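Structure data (compact mmCIF, C-alpha atoms) from upload_23.txt:
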# COMPACT_ATOMS: atom_id res chain seq x y z
CA MET A 198 24.16 6.07 -41.06
CA LYS A 199 20.99 8.08 -41.62
CA LEU A 200 18.23 7.16 -39.17
CA LEU A 201 14.66 8.42 -39.55
CA ILE A 202 12.60 8.27 -36.33
CA GLN A 203 8.83 8.29 -36.78
CA HIS A 204 6.17 9.10 -34.18
CA ARG A 205 2.51 10.18 -34.17
CA HIS A 206 2.57 13.11 -31.73
CA SER A 207 2.41 16.90 -31.90
CA GLU A 208 5.59 18.87 -31.35
CA ASN A 209 4.85 20.15 -27.83
CA GLU A 210 2.76 17.19 -26.69
CA ILE A 211 3.67 15.49 -23.40
CA ALA A 212 4.17 11.82 -24.28
CA GLY A 213 6.44 8.99 -23.20
CA VAL A 214 7.23 8.28 -26.86
CA LEU A 215 8.65 11.77 -27.34
CA THR A 216 10.57 11.49 -24.08
CA TYR A 217 12.15 8.30 -25.41
CA ILE A 218 13.03 9.90 -28.76
CA TYR A 219 14.47 13.12 -27.31
CA SER A 220 16.51 11.10 -24.79
CA ILE A 221 18.08 8.85 -27.37
CA ILE A 222 18.86 11.38 -30.11
CA PRO A 223 21.84 13.12 -28.40
CA GLU A 224 23.47 9.74 -27.69
CA LEU A 225 23.05 8.65 -31.30
CA GLU A 226 24.41 11.93 -32.65
CA THR A 227 27.56 11.66 -30.53
CA ARG A 228 28.23 8.37 -32.35
CA GLY A 229 28.08 9.92 -35.79
CA ILE A 230 24.49 8.96 -36.64
CA GLU A 231 22.51 11.47 -38.70
CA ILE A 232 18.98 11.82 -37.30
CA LYS A 233 15.73 13.18 -38.65
CA THR A 234 12.30 12.87 -37.04
CA ILE A 235 8.90 12.76 -38.67
CA SER A 236 5.46 13.20 -37.12
CA THR A 237 2.87 11.28 -39.10
CA LYS A 238 0.28 13.37 -37.27
CA GLN A 239 1.62 16.82 -38.17
CA ASP A 240 3.84 16.45 -41.24
CA ASN A 241 2.49 16.15 -44.78
CA LEU A 242 2.92 13.27 -47.23
CA MET A 243 5.60 15.06 -49.25
CA LYS A 244 7.75 15.41 -46.13
CA TRP A 245 7.16 11.74 -45.35
CA LEU A 246 8.49 10.78 -48.79
CA ASN A 247 11.49 13.13 -48.67
CA HIS A 248 12.56 11.86 -45.26
CA ILE A 249 12.06 8.19 -46.14
CA VAL A 250 14.14 8.56 -49.32
CA TRP A 251 16.89 10.25 -47.26
CA ALA A 252 17.03 7.52 -44.59
CA ASP A 253 19.04 4.31 -44.48
CA ILE A 254 16.90 2.80 -41.70
CA VAL A 255 13.50 3.85 -40.31
CA HIS A 256 12.66 3.56 -36.61
CA MET A 257 8.87 3.57 -36.22
CA ASN A 258 7.14 4.28 -32.89
CA SER A 259 3.51 3.77 -33.90
CA ASN A 260 1.44 1.43 -36.05
CA ASN A 261 1.02 3.59 -39.16
CA LEU A 262 0.33 1.22 -42.03
CA VAL A 263 0.54 3.80 -44.85
CA PHE A 264 3.91 5.05 -43.60
CA ALA A 265 5.22 1.49 -43.26
CA LEU A 266 4.08 0.62 -46.81
CA LEU A 267 5.90 3.67 -48.18
CA CYS A 268 9.06 2.62 -46.36
CA LYS A 269 8.90 -0.87 -47.84
CA ALA A 270 8.08 0.44 -51.33
CA LEU A 271 11.24 2.56 -51.13
CA GLY A 272 13.31 -0.38 -49.91
CA LYS A 273 13.88 0.79 -46.32
CA LYS A 274 14.38 -1.48 -43.31
CA ILE A 275 11.99 -0.82 -40.40
CA VAL A 276 12.72 -1.18 -36.69
CA ILE A 277 9.38 -0.78 -34.92
CA LYS A 278 8.94 -0.13 -31.21
CA TYR A 279 5.70 -0.83 -29.37
CA HIS A 280 4.86 1.60 -26.58
CA TYR A 281 1.25 0.62 -25.90
CA SER A 282 -0.73 -2.56 -25.32
CA PHE A 283 -1.54 -4.21 -28.63
CA TYR A 284 -4.87 -5.70 -27.58
CA HIS A 285 -7.87 -4.41 -25.61
CA THR A 286 -8.04 -7.75 -23.81
CA THR A 287 -4.70 -7.09 -22.10
CA HIS A 288 -5.64 -3.71 -20.62
CA ILE A 289 -7.04 -4.92 -17.29
CA ASN A 290 -6.98 -8.72 -16.97
CA TYR A 291 -3.96 -10.35 -18.56
CA GLU A 292 -3.07 -13.98 -19.03
CA THR A 293 -0.47 -15.57 -21.29
CA MET A 294 -1.90 -16.86 -24.58
CA THR A 295 -0.67 -18.00 -27.97
CA PHE A 296 -1.10 -15.60 -30.87
CA GLY A 297 -4.11 -17.51 -32.21
CA LYS A 298 -5.82 -17.64 -28.81
CA ARG A 299 -5.15 -13.93 -28.28
CA LEU A 300 -6.77 -13.04 -31.59
CA GLN A 301 -9.80 -15.19 -30.74
CA ALA A 302 -10.09 -13.50 -27.35
CA GLU A 303 -9.74 -10.07 -28.95
CA LEU A 304 -12.43 -10.68 -31.53
CA LYS A 305 -14.79 -12.14 -28.93
CA HIS A 306 -14.10 -9.24 -26.55
CA THR A 307 -15.04 -6.67 -29.20
CA LEU A 308 -18.28 -8.34 -30.30
CA PRO A 309 -21.28 -6.07 -29.58
CA LYS A 310 -23.96 -7.15 -27.14
CA ALA A 311 -27.47 -7.80 -28.49
CA ASN A 312 -28.90 -4.74 -26.72
CA TYR A 313 -26.26 -2.33 -28.09
CA PRO A 314 -27.57 0.55 -30.25
CA LEU A 315 -26.71 0.37 -33.95
CA LYS A 316 -23.85 2.90 -33.80
CA TRP A 317 -22.11 0.84 -31.11
CA LYS A 318 -22.53 -2.31 -33.18
CA LEU A 319 -21.01 -0.55 -36.19
CA HIS A 320 -18.09 0.57 -34.04
CA THR A 321 -17.10 -3.09 -33.70
CA ALA A 322 -16.09 -3.01 -37.37
CA VAL A 323 -13.91 0.03 -36.61
CA LYS A 324 -12.18 -1.87 -33.79
CA TRP A 325 -11.50 -4.84 -36.07
CA MET A 326 -10.17 -2.56 -38.79
CA ARG A 327 -7.79 -0.89 -36.32
CA LEU A 328 -6.58 -4.29 -35.13
CA ALA A 329 -6.02 -5.33 -38.76
CA ILE A 330 -3.98 -2.15 -39.35
CA ARG A 331 -1.84 -2.80 -36.28
CA LEU A 332 -1.23 -6.40 -37.32
CA SER A 333 -0.48 -5.46 -40.93
CA THR A 334 2.03 -2.84 -39.83
CA ALA A 335 3.67 -5.39 -37.54
CA LEU A 336 3.94 -7.88 -40.41
CA ILE A 337 5.70 -5.31 -42.59
CA ALA A 338 8.33 -4.36 -39.97
CA ASP A 339 11.75 -6.01 -40.15
CA TYR A 340 12.59 -5.92 -36.43
CA HIS A 341 10.30 -5.69 -33.42
CA THR A 342 10.99 -4.07 -30.05
CA ALA A 343 8.87 -3.10 -27.03
CA CYS A 344 9.32 -0.74 -24.08
CA SER A 345 9.09 -3.54 -21.47
CA ASN A 346 9.37 -7.30 -21.12
CA PHE A 347 5.67 -7.36 -20.26
CA LEU A 348 4.70 -5.60 -23.48
CA ALA A 349 6.99 -7.83 -25.54
CA GLU A 350 5.43 -10.95 -24.01
CA SER A 351 1.83 -9.74 -24.16
CA SER A 352 2.10 -9.09 -27.91
CA ALA A 353 2.10 -12.90 -28.28
CA PHE A 354 3.54 -12.65 -31.79
CA PRO A 355 4.89 -15.77 -33.52
CA TRP A 356 8.12 -13.79 -34.01
CA SER A 357 10.49 -12.43 -31.37
CA VAL A 358 10.07 -8.99 -29.81
CA GLU A 359 13.14 -7.52 -28.10
CA THR A 360 12.83 -5.28 -25.05
CA LEU A 361 14.21 -1.78 -25.68
CA TYR A 362 13.58 0.21 -22.52
CA ASN A 363 12.68 3.89 -22.55
CA PRO A 364 15.77 5.64 -21.15
CA ILE A 365 16.09 8.40 -18.59
CA GLU A 366 19.09 10.55 -17.77
CA ILE A 367 20.37 10.41 -14.18
CA ASN A 368 22.35 13.45 -13.09
CA LYS A 369 25.45 11.93 -11.53
CA LYS A 370 26.15 15.21 -9.75
CA ASN A 371 22.98 14.83 -7.65
CA GLN A 372 23.79 14.64 -3.97
CA GLN A 373 22.50 11.62 -2.11
CA LYS A 374 19.05 12.29 -0.70
CA HIS A 375 18.81 12.56 3.10
CA LEU A 376 15.79 12.36 5.36
CA LYS A 377 16.54 15.71 6.96
CA LEU A 378 16.04 17.42 3.59
CA LEU A 379 12.39 16.34 3.34
CA SER A 380 9.66 18.72 4.42
CA ASN A 381 7.28 17.82 7.24
CA PRO A 382 4.91 16.13 7.44
CA TYR A 383 6.26 13.42 5.14
CA LYS A 384 4.61 13.35 1.74
CA PHE A 385 3.46 10.81 -0.79
CA VAL A 386 2.97 11.91 -4.40
CA PHE A 387 0.77 10.71 -7.24
CA LEU A 388 1.69 12.03 -10.68
CA GLY A 389 -0.45 11.28 -13.73
CA ARG A 390 -3.88 11.44 -15.35
CA LEU A 391 -6.90 11.56 -13.09
CA ASP A 392 -8.97 8.79 -14.64
CA GLY A 393 -10.21 5.38 -13.57
CA SER A 394 -7.28 3.44 -15.04
CA LYS A 395 -4.76 5.17 -12.78
CA GLY A 396 -6.38 4.04 -9.51
CA VAL A 397 -6.29 7.34 -7.59
CA ASP A 398 -9.44 6.27 -5.76
CA ILE A 399 -7.48 3.31 -4.35
CA LEU A 400 -4.89 5.76 -3.02
CA LEU A 401 -7.59 7.88 -1.38
CA LYS A 402 -9.03 4.81 0.36
CA ALA A 403 -5.54 3.94 1.62
CA VAL A 404 -5.23 7.47 3.00
CA ARG A 405 -8.47 6.95 4.92
CA ILE A 406 -7.07 3.75 6.48
CA LEU A 407 -3.91 5.54 7.66
CA GLN A 408 -5.88 8.55 8.88
CA GLU A 409 -7.83 6.27 11.21
CA GLU A 410 -4.49 5.13 12.65
CA ASN A 411 -3.56 8.78 13.37
CA HIS A 412 -0.49 8.86 11.13
CA GLU A 413 0.79 12.30 10.15
CA PHE A 414 1.47 12.68 6.43
CA GLU A 415 0.26 14.44 3.29
CA VAL A 416 -0.62 13.21 -0.19
CA LEU A 417 -0.03 15.44 -3.22
CA ILE A 418 -2.01 14.59 -6.34
CA ILE A 419 -0.50 16.15 -9.45
CA GLY A 420 -2.36 16.01 -12.75
CA ASN A 421 -5.69 16.61 -14.43
CA GLY A 422 -8.28 14.33 -15.96
CA ILE A 423 -11.91 13.44 -16.43
CA GLN A 424 -12.25 12.20 -12.84
CA ALA A 425 -10.77 15.27 -11.12
CA SER A 426 -14.07 16.49 -9.68
CA GLU A 427 -15.21 12.97 -8.80
CA LEU A 428 -11.97 12.26 -6.91
CA LYS A 429 -12.18 15.52 -4.99
CA GLN A 430 -15.70 14.58 -3.98
CA LEU A 431 -14.51 11.14 -2.89
CA ALA A 432 -11.80 12.74 -0.75
CA SER A 433 -14.47 14.91 0.85
CA ASP A 434 -16.79 11.94 1.42
CA LEU A 435 -13.93 10.01 3.05
CA GLY A 436 -13.15 12.97 5.31
CA ILE A 437 -9.50 13.18 4.23
CA LEU A 438 -9.32 16.63 2.62
CA SER A 439 -6.89 17.76 5.34
CA TYR A 440 -4.52 15.00 4.18
CA VAL A 441 -4.83 15.41 0.41
CA SER A 442 -3.90 18.31 -1.90
CA PHE A 443 -4.99 18.35 -5.54
CA LEU A 444 -2.37 20.47 -7.31
CA GLY A 445 -3.58 20.09 -10.87
CA LYS A 446 -1.17 19.89 -13.77
CA LEU A 447 2.32 21.24 -13.08
CA PRO A 448 5.32 21.83 -15.38
CA ASN A 449 7.50 18.73 -15.43
CA GLN A 450 10.43 20.23 -13.51
CA GLU A 451 8.13 21.65 -10.85
CA ALA A 452 6.41 18.28 -10.51
CA LEU A 453 9.79 16.54 -10.14
CA VAL A 454 10.70 18.88 -7.30
CA LYS A 455 7.55 17.70 -5.50
CA VAL A 456 8.47 14.08 -6.20
CA GLN A 457 12.00 14.63 -4.90
CA ASP A 458 10.62 16.05 -1.66
CA ALA A 459 8.34 13.03 -1.18
CA LEU A 460 8.96 9.98 0.96
CA ALA A 461 7.57 7.84 -1.87
CA LEU A 462 5.70 7.98 -5.16
CA ALA A 463 2.41 6.06 -5.38
CA ALA A 464 1.47 4.41 -8.70
CA PRO A 465 -1.74 2.43 -7.97
CA SER A 466 -2.65 1.75 -11.62
CA ARG A 467 -5.44 -0.76 -12.18
CA TRP A 468 -4.63 -1.24 -15.88
CA GLN A 469 -1.69 -3.13 -17.37
CA GLU A 470 0.71 -0.21 -17.81
CA PRO A 471 3.26 -1.15 -20.49
CA ALA A 472 6.09 0.77 -18.77
CA GLY A 473 5.10 3.57 -16.40
CA TYR A 474 7.63 6.36 -17.04
CA VAL A 475 6.67 8.18 -13.85
CA VAL A 476 8.43 5.56 -11.69
CA LEU A 477 11.63 6.13 -13.69
CA GLU A 478 11.29 9.86 -13.01
CA ALA A 479 10.87 9.14 -9.30
CA SER A 480 13.99 6.96 -9.31
CA SER A 481 15.91 9.69 -11.13
CA VAL A 482 15.43 11.96 -8.09
CA GLN A 483 16.06 9.13 -5.58
CA THR A 484 12.45 8.69 -4.51
CA CYS A 485 11.21 5.13 -4.05
CA SER A 486 7.97 3.97 -5.62
CA ILE A 487 4.94 2.05 -4.35
CA VAL A 488 3.35 0.33 -7.34
CA SER A 489 0.55 -2.09 -8.10
CA LYS A 490 1.58 -5.42 -9.61
CA MET A 491 0.24 -4.55 -13.04
CA GLY A 492 1.83 -4.77 -16.46
CA GLY A 493 5.35 -3.45 -16.82
CA LEU A 494 5.25 -1.34 -13.66
CA PRO A 495 7.12 -3.81 -11.40
CA GLU A 496 10.00 -4.37 -13.84
CA VAL A 497 10.44 -0.63 -14.50
CA ALA A 498 10.14 0.23 -10.81
CA GLY A 499 12.82 -2.33 -10.00
CA PRO A 500 13.53 -4.63 -7.04
CA HIS A 501 13.92 -1.88 -4.45
CA SER A 502 10.37 -0.54 -4.81
CA LEU A 503 7.34 -1.59 -2.76
CA PHE A 504 4.51 -3.59 -4.31
CA PHE A 505 0.85 -4.37 -3.62
CA GLU A 506 -1.89 -6.30 -5.38
CA ASN A 507 -4.18 -4.50 -7.80
CA GLU A 508 -7.26 -2.86 -6.22
CA ASP A 509 -5.92 -3.60 -2.70
CA ALA A 510 -6.25 -0.36 -0.70
CA GLU A 511 -5.18 -2.21 2.44
CA GLY A 512 -2.04 -3.41 0.67
CA LEU A 513 -1.23 0.11 -0.51
CA ALA A 514 -1.83 1.46 3.00
CA SER A 515 0.54 -1.19 4.34
CA CYS A 516 3.32 -0.01 1.99
CA MET A 517 2.72 3.62 2.96
CA ARG A 518 2.69 2.66 6.63
CA TYR A 519 6.03 0.91 6.17
CA CYS A 520 7.53 4.10 4.73
CA LEU A 521 6.15 6.24 7.55
CA ASN A 522 7.43 3.85 10.21
CA ASN A 523 10.79 3.34 8.47
CA PRO A 524 11.58 6.61 6.68
CA ASP A 525 15.33 5.89 6.57
CA GLU A 526 14.61 2.63 4.76
CA ALA A 527 12.38 4.48 2.27
CA ILE A 528 15.22 6.90 1.56
CA LYS A 529 17.64 3.99 1.11
CA ARG A 530 15.27 2.30 -1.32
CA GLY A 531 15.04 5.51 -3.33
CA PHE A 532 18.83 5.69 -3.63
CA GLN A 533 19.04 2.02 -4.64
CA SER A 534 16.33 2.59 -7.25
CA SER A 535 18.31 5.47 -8.75
CA GLN A 536 21.33 3.17 -9.10
CA TYR A 537 19.15 0.47 -10.69
CA VAL A 538 17.74 2.93 -13.22
CA ALA A 539 21.17 4.43 -14.00
CA GLU A 540 22.44 0.95 -14.83
CA ASN A 541 19.48 -0.41 -16.78
CA PHE A 542 17.74 2.62 -18.31
CA SER A 543 20.54 4.95 -19.44
CA PRO A 544 20.28 6.69 -22.84
CA ALA A 545 23.74 5.30 -23.67
CA ARG A 546 22.52 1.73 -23.17
CA ALA A 547 19.36 2.31 -25.24
CA ALA A 548 21.36 3.93 -28.06
CA THR A 549 23.85 1.04 -28.11
CA GLN A 550 21.03 -1.49 -28.26
CA LEU A 551 19.27 0.34 -31.10
CA LEU A 552 22.50 0.58 -33.10
CA GLU A 553 23.14 -3.14 -32.60
CA ILE A 554 19.70 -3.81 -34.06
CA CYS A 555 20.43 -1.51 -37.03
CA CYS A 556 23.71 -3.34 -37.55
CA LYS A 557 21.87 -6.65 -37.79
CA LEU A 558 19.53 -5.22 -40.43
CA SER A 559 22.12 -3.32 -42.46
CA PRO A 560 25.72 -3.97 -41.38
CA LYS A 561 27.24 -2.27 -44.45
CA VAL A 562 25.41 1.02 -43.77
CA LEU A 563 26.48 1.12 -40.13
CA ALA A 564 30.06 0.17 -40.99
CA LYS A 565 30.34 3.27 -43.21
CA THR A 566 29.37 5.44 -40.23
CA TYR A 567 32.47 4.48 -38.27
CA ARG A 568 35.03 4.69 -41.11

Could you rewrite the structure in this file as structure tokens?
Amino acid sequence: MKLLIQHRHSENEIAGVLTYIYSIIPELETRGIEIKTISTKQDNLMKWLNHIVWADIVHMNSNNLVFALLCKALGKKIVIKYHYSFYHTTHINYETMTFGKRLQAELKHTLPKANYPLKWKLHTAVKWMRLAIRLSTALIADYHTACSNFLAESSAFPWSVETLYNPIEINKKNQQKHLKLLSNPYKFVFLGRLDGSKGVDILLKAVRILQEENHEFEVLIIGNGIQASELKQLASDLGILSYVSFLGKLPNQEALVKVQDALALAAPSRWQEPAGYVVLEASSVQTCSIVSKMGGLPEVAGPHSLFFENEDAEGLASCMRYCLNNPDEAIKRGFQSSQYVAENFSPARAATQLLEICCKLSPKVLAKTYR
């Protein structure tokens, strides 16, 4: 079988979509599947056409209507995977709705206010056009998948959306993590963009609470973003600079070493994350996660993680306090999380699931692969 995998990213871009694709390709190739990838951001139209003609099945990872139309015009089956929230109305406050109700809420949410300047009012038309493109692309696809149960449910489509998790490789040769291997004082790590949606300010307020209780620990904040300076100022205003280190952006392997040395990873997102990959990375190095109950974070983090309500600095501080008072239990939870991820998020499992979907769409093509 010839499988074309589409995405919308640059070659060296850091993106969860690319992580998914590069994780699944080796597994597919070991099963005799021929793979080509196409970037609808970088590659030209001629390359699009050549690759589509070559393929038996196309696996799309973004809502590119023109690309989808070309696939259908050339008679190709499309398996689409959703990696991001489909609607603006699901980003912060989410409630279950029917497809019709969701569209009404989306259109109402994007209406301009009376006092908006003209250019903002005109941008409403742009938002509606983008929604129409996303919906049109979805209508063209033959099979729908999403990177988490939350994202599948929140799409609210009148057709089914299957969960196809983003995989991560667990090195089975990794020795079990022990408390004595961690550096002192114990550390908590945040890894991600420094912007309002990620909730780093909530983490800083939790640090202040624990500082007042005279706990000894350190928080490492890894990443860059538009709020970097603002967050550093907040740390200074809270008087916690001796507890917090802003390390900026680090290479992935170097960042993972920091995560592995931590007592826990903190993911205090205030937006409905479809499937936070960073908690999978923490589990891959046997570090437990403390996550807000938002979007797909809880299901990806798994049952052995620690959870708190969105925006609740006291709740986050309570989880951190639990880890500091029970470090052996935190280590145990990290090991259990690694086992959970190895079982549910392996590249082998994701590849098998994708091939089963391809078999449903084109059983004759897949049968030829295994002759």

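Those residues that approach Thr360 of chain A to within 7 Å, counting all atoms listed in the file, are Thr342, Ala343, Cys344, Ser345, Asn346 and Ala349 of chain A; same-chain residues fewer than 3 positions away are not listed.
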
Quick one: write out the picked residues with C-alpha atoms as a CSV table (one decimal), keeping the file's coordinate frame?
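Saved to again-v5.csv:
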chain,number,residue,atom,x,y,z
A,342,THR,CA,11.0,-4.1,-30.0
A,343,ALA,CA,8.9,-3.1,-27.0
A,344,CYS,CA,9.3,-0.7,-24.1
A,345,SER,CA,9.1,-3.5,-21.5
A,346,ASN,CA,9.4,-7.3,-21.1
A,349,ALA,CA,7.0,-7.8,-25.5

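Computed from the coordinates, the atom CA of Gln457 of chain A to atom CA of Ser282 of chain A distance equals 29.6 Å.
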
Counting only C-alpha atoms, which residues of segment 439-464 of chain A fall within 12 Å of segment 400-410 of chain A, and what is the closest atom pair for each with its distance in Å at one decimal, ordered by chain and rising number, as a Markdown table?
| residue | atom | partner | partner_atom | distance |
| --- | --- | --- | --- | --- |
| A:Ser439 | CA | A:Gln408 | CA | 9.9 |
| A:Tyr440 | CA | A:Val404 | CA | 7.7 |
| A:Val441 | CA | A:Leu401 | CA | 8.2 |
| A:Ser442 | CA | A:Leu401 | CA | 11.1 |
| A:Phe443 | CA | A:Leu401 | CA | 11.6 |
| A:Leu462 | CA | A:Leu400 | CA | 11.0 |
| A:Ala463 | CA | A:Leu400 | CA | 7.7 |
| A:Ala464 | CA | A:Leu400 | CA | 8.6 |

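Of the listed residues A:Asn411, A:Ser559, A:Gln373, A:Asn312, the one whose atoms come nearest to Val255 of chain A is A:Ser559, with distances taken using only C-alpha atoms.
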
Residues within 7 Å of segment 423-434 of chain A, all atoms listed in the file, excluding chain neighbours under 6 positions, as a PDB file with C-alpha atoms, keeping the file's coordinate frame:
ATOM      1  CA  LEU A 391      -6.900  11.560 -13.090  1.00  0.00           C
ATOM      2  CA  ASP A 392      -8.970   8.790 -14.640  1.00  0.00           C
ATOM      3  CA  ASP A 398      -9.440   6.270  -5.760  1.00  0.00           C
ATOM      4  CA  LEU A 401      -7.590   7.880  -1.380  1.00  0.00           C
TER       5      LEU A 401
END

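The space between atom CA of Leu300 of chain A and atom CA of Glu506 of chain A spans 27.5 Å.
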
_Between atom CA of Ala338 of chain A and atom CA of Arg205 of chain A, distance in Å (one decimal)_ = 16.7 Å

Between segment 337-446 of chain A and segment 529-545 of chain A, at 10 Å or less, what are the per-residue closest atom pairs and their distances in Å? Count only C-alpha atoms, order by chain and rising residue number, and return it as JSON lines.
{"residue": "A:Leu361", "atom": "CA", "partner": "A:Phe542", "partner_atom": "CA", "distance": 9.3}
{"residue": "A:Tyr362", "atom": "CA", "partner": "A:Phe542", "partner_atom": "CA", "distance": 6.4}
{"residue": "A:Asn363", "atom": "CA", "partner": "A:Phe542", "partner_atom": "CA", "distance": 6.7}
{"residue": "A:Pro364", "atom": "CA", "partner": "A:Phe542", "partner_atom": "CA", "distance": 4.6}
{"residue": "A:Ile365", "atom": "CA", "partner": "A:Ser543", "partner_atom": "CA", "distance": 5.7}
{"residue": "A:Glu366", "atom": "CA", "partner": "A:Ser543", "partner_atom": "CA", "distance": 6.0}
{"residue": "A:Ile367", "atom": "CA", "partner": "A:Ala539", "partner_atom": "CA", "distance": 6.0}
{"residue": "A:Asn368", "atom": "CA", "partner": "A:Ala539", "partner_atom": "CA", "distance": 9.1}
{"residue": "A:Lys369", "atom": "CA", "partner": "A:Ala539", "partner_atom": "CA", "distance": 9.0}
{"residue": "A:Gln373", "atom": "CA", "partner": "A:Phe532", "partner_atom": "CA", "distance": 7.1}
{"residue": "A:Lys374", "atom": "CA", "partner": "A:Phe532", "partner_atom": "CA", "distance": 7.2}
{"residue": "A:His375", "atom": "CA", "partner": "A:Lys529", "partner_atom": "CA", "distance": 8.9}
{"residue": "A:Leu376", "atom": "CA", "partner": "A:Lys529", "partner_atom": "CA", "distance": 9.6}

*asked:* Here is a test: counting all atoms listed in the file, which residue of A:Ile202, A:Asn522, A:Ile230, A:Tyr219 is nearest to Ile249 of chain A?
replied: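 Closest to Ile249 of chain A of all the choices is A:Ile202.
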
Return segment 282-301 of chain A, completed with N, CA and C atoms, as a PDB file, keeping the file's coordinate frame.
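part_35.pdb was written with the following content:
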ATOM      1  N   SER A 282      -0.168  -1.216 -25.228  1.00  0.00           N
ATOM      2  CA  SER A 282      -0.730  -2.560 -25.320  1.00  0.00           C
ATOM      3  C   SER A 282      -1.352  -2.778 -26.697  1.00  0.00           C
ATOM      4  N   PHE A 283      -1.099  -3.929 -27.272  1.00  0.00           N
ATOM      5  CA  PHE A 283      -1.540  -4.210 -28.630  1.00  0.00           C
ATOM      6  C   PHE A 283      -3.004  -4.607 -28.697  1.00  0.00           C
ATOM      7  N   TYR A 284      -3.509  -5.167 -27.586  1.00  0.00           N
ATOM      8  CA  TYR A 284      -4.870  -5.700 -27.580  1.00  0.00           C
ATOM      9  C   TYR A 284      -5.683  -5.086 -26.433  1.00  0.00           C
ATOM     10  N   HIS A 285      -6.977  -4.894 -26.664  1.00  0.00           N
ATOM     11  CA  HIS A 285      -7.870  -4.410 -25.610  1.00  0.00           C
ATOM     12  C   HIS A 285      -7.981  -5.422 -24.481  1.00  0.00           C
ATOM     13  N   THR A 286      -7.866  -6.701 -24.813  1.00  0.00           N
ATOM     14  CA  THR A 286      -8.040  -7.750 -23.810  1.00  0.00           C
ATOM     15  C   THR A 286      -6.897  -7.804 -22.809  1.00  0.00           C
ATOM     16  N   THR A 287      -5.820  -7.084 -23.058  1.00  0.00           N
ATOM     17  CA  THR A 287      -4.700  -7.090 -22.100  1.00  0.00           C
ATOM     18  C   THR A 287      -4.734  -5.886 -21.171  1.00  0.00           C
ATOM     19  N   HIS A 288      -5.673  -4.973 -21.354  1.00  0.00           N
ATOM     20  CA  HIS A 288      -5.640  -3.710 -20.620  1.00  0.00           C
ATOM     21  C   HIS A 288      -5.847  -3.879 -19.113  1.00  0.00           C
ATOM     22  N   ILE A 289      -6.759  -4.764 -18.715  1.00  0.00           N
ATOM     23  CA  ILE A 289      -7.040  -4.920 -17.290  1.00  0.00           C
ATOM     24  C   ILE A 289      -6.649  -6.318 -16.811  1.00  0.00           C
ATOM     25  N   ASN A 290      -7.271  -7.334 -17.373  1.00  0.00           N
ATOM     26  CA  ASN A 290      -6.980  -8.720 -16.970  1.00  0.00           C
ATOM     27  C   ASN A 290      -6.083  -9.360 -18.023  1.00  0.00           C
ATOM     28  N   TYR A 291      -4.895  -9.783 -17.602  1.00  0.00           N
ATOM     29  CA  TYR A 291      -3.960 -10.350 -18.560  1.00  0.00           C
ATOM     30  C   TYR A 291      -3.599 -11.781 -18.198  1.00  0.00           C
ATOM     31  N   GLU A 292      -3.585 -12.636 -19.190  1.00  0.00           N
ATOM     32  CA  GLU A 292      -3.070 -13.980 -19.030  1.00  0.00           C
ATOM     33  C   GLU A 292      -2.324 -14.358 -20.305  1.00  0.00           C
ATOM     34  N   THR A 293      -1.289 -15.170 -20.156  1.00  0.00           N
ATOM     35  CA  THR A 293      -0.470 -15.570 -21.290  1.00  0.00           C
ATOM     36  C   THR A 293      -1.277 -16.434 -22.254  1.00  0.00           C
ATOM     37  N   MET A 294      -1.202 -16.093 -23.542  1.00  0.00           N
ATOM     38  CA  MET A 294      -1.900 -16.860 -24.580  1.00  0.00           C
ATOM     39  C   MET A 294      -1.023 -16.951 -25.818  1.00  0.00           C
ATOM     40  N   THR A 295      -1.299 -17.941 -26.658  1.00  0.00           N
ATOM     41  CA  THR A 295      -0.670 -18.000 -27.970  1.00  0.00           C
ATOM     42  C   THR A 295      -1.273 -16.902 -28.847  1.00  0.00           C
ATOM     43  N   PHE A 296      -0.629 -16.634 -29.957  1.00  0.00           N
ATOM     44  CA  PHE A 296      -1.100 -15.600 -30.870  1.00  0.00           C
ATOM     45  C   PHE A 296      -2.526 -15.898 -31.347  1.00  0.00           C
ATOM     46  N   GLY A 297      -2.773 -17.149 -31.735  1.00  0.00           N
ATOM     47  CA  GLY A 297      -4.110 -17.510 -32.210  1.00  0.00           C
ATOM     48  C   GLY A 297      -5.168 -17.342 -31.143  1.00  0.00           C
ATOM     49  N   LYS A 298      -4.875 -17.777 -29.915  1.00  0.00           N
ATOM     50  CA  LYS A 298      -5.820 -17.640 -28.810  1.00  0.00           C
ATOM     51  C   LYS A 298      -6.070 -16.170 -28.492  1.00  0.00           C
ATOM     52  N   ARG A 299      -5.006 -15.358 -28.565  1.00  0.00           N
ATOM     53  CA  ARG A 299      -5.150 -13.930 -28.280  1.00  0.00           C
ATOM     54  C   ARG A 299      -6.067 -13.269 -29.305  1.00  0.00           C
ATOM     55  N   LEU A 300      -5.908 -13.608 -30.561  1.00  0.00           N
ATOM     56  CA  LEU A 300      -6.770 -13.040 -31.590  1.00  0.00           C
ATOM     57  C   LEU A 300      -8.224 -13.456 -31.371  1.00  0.00           C
ATOM     58  N   GLN A 301      -8.444 -14.723 -31.025  1.00  0.00           N
ATOM     59  CA  GLN A 301      -9.800 -15.190 -30.740  1.00  0.00           C
ATOM     60  C   GLN A 301     -10.404 -14.409 -29.568  1.00  0.00           C
TER      61      GLN A 301
END
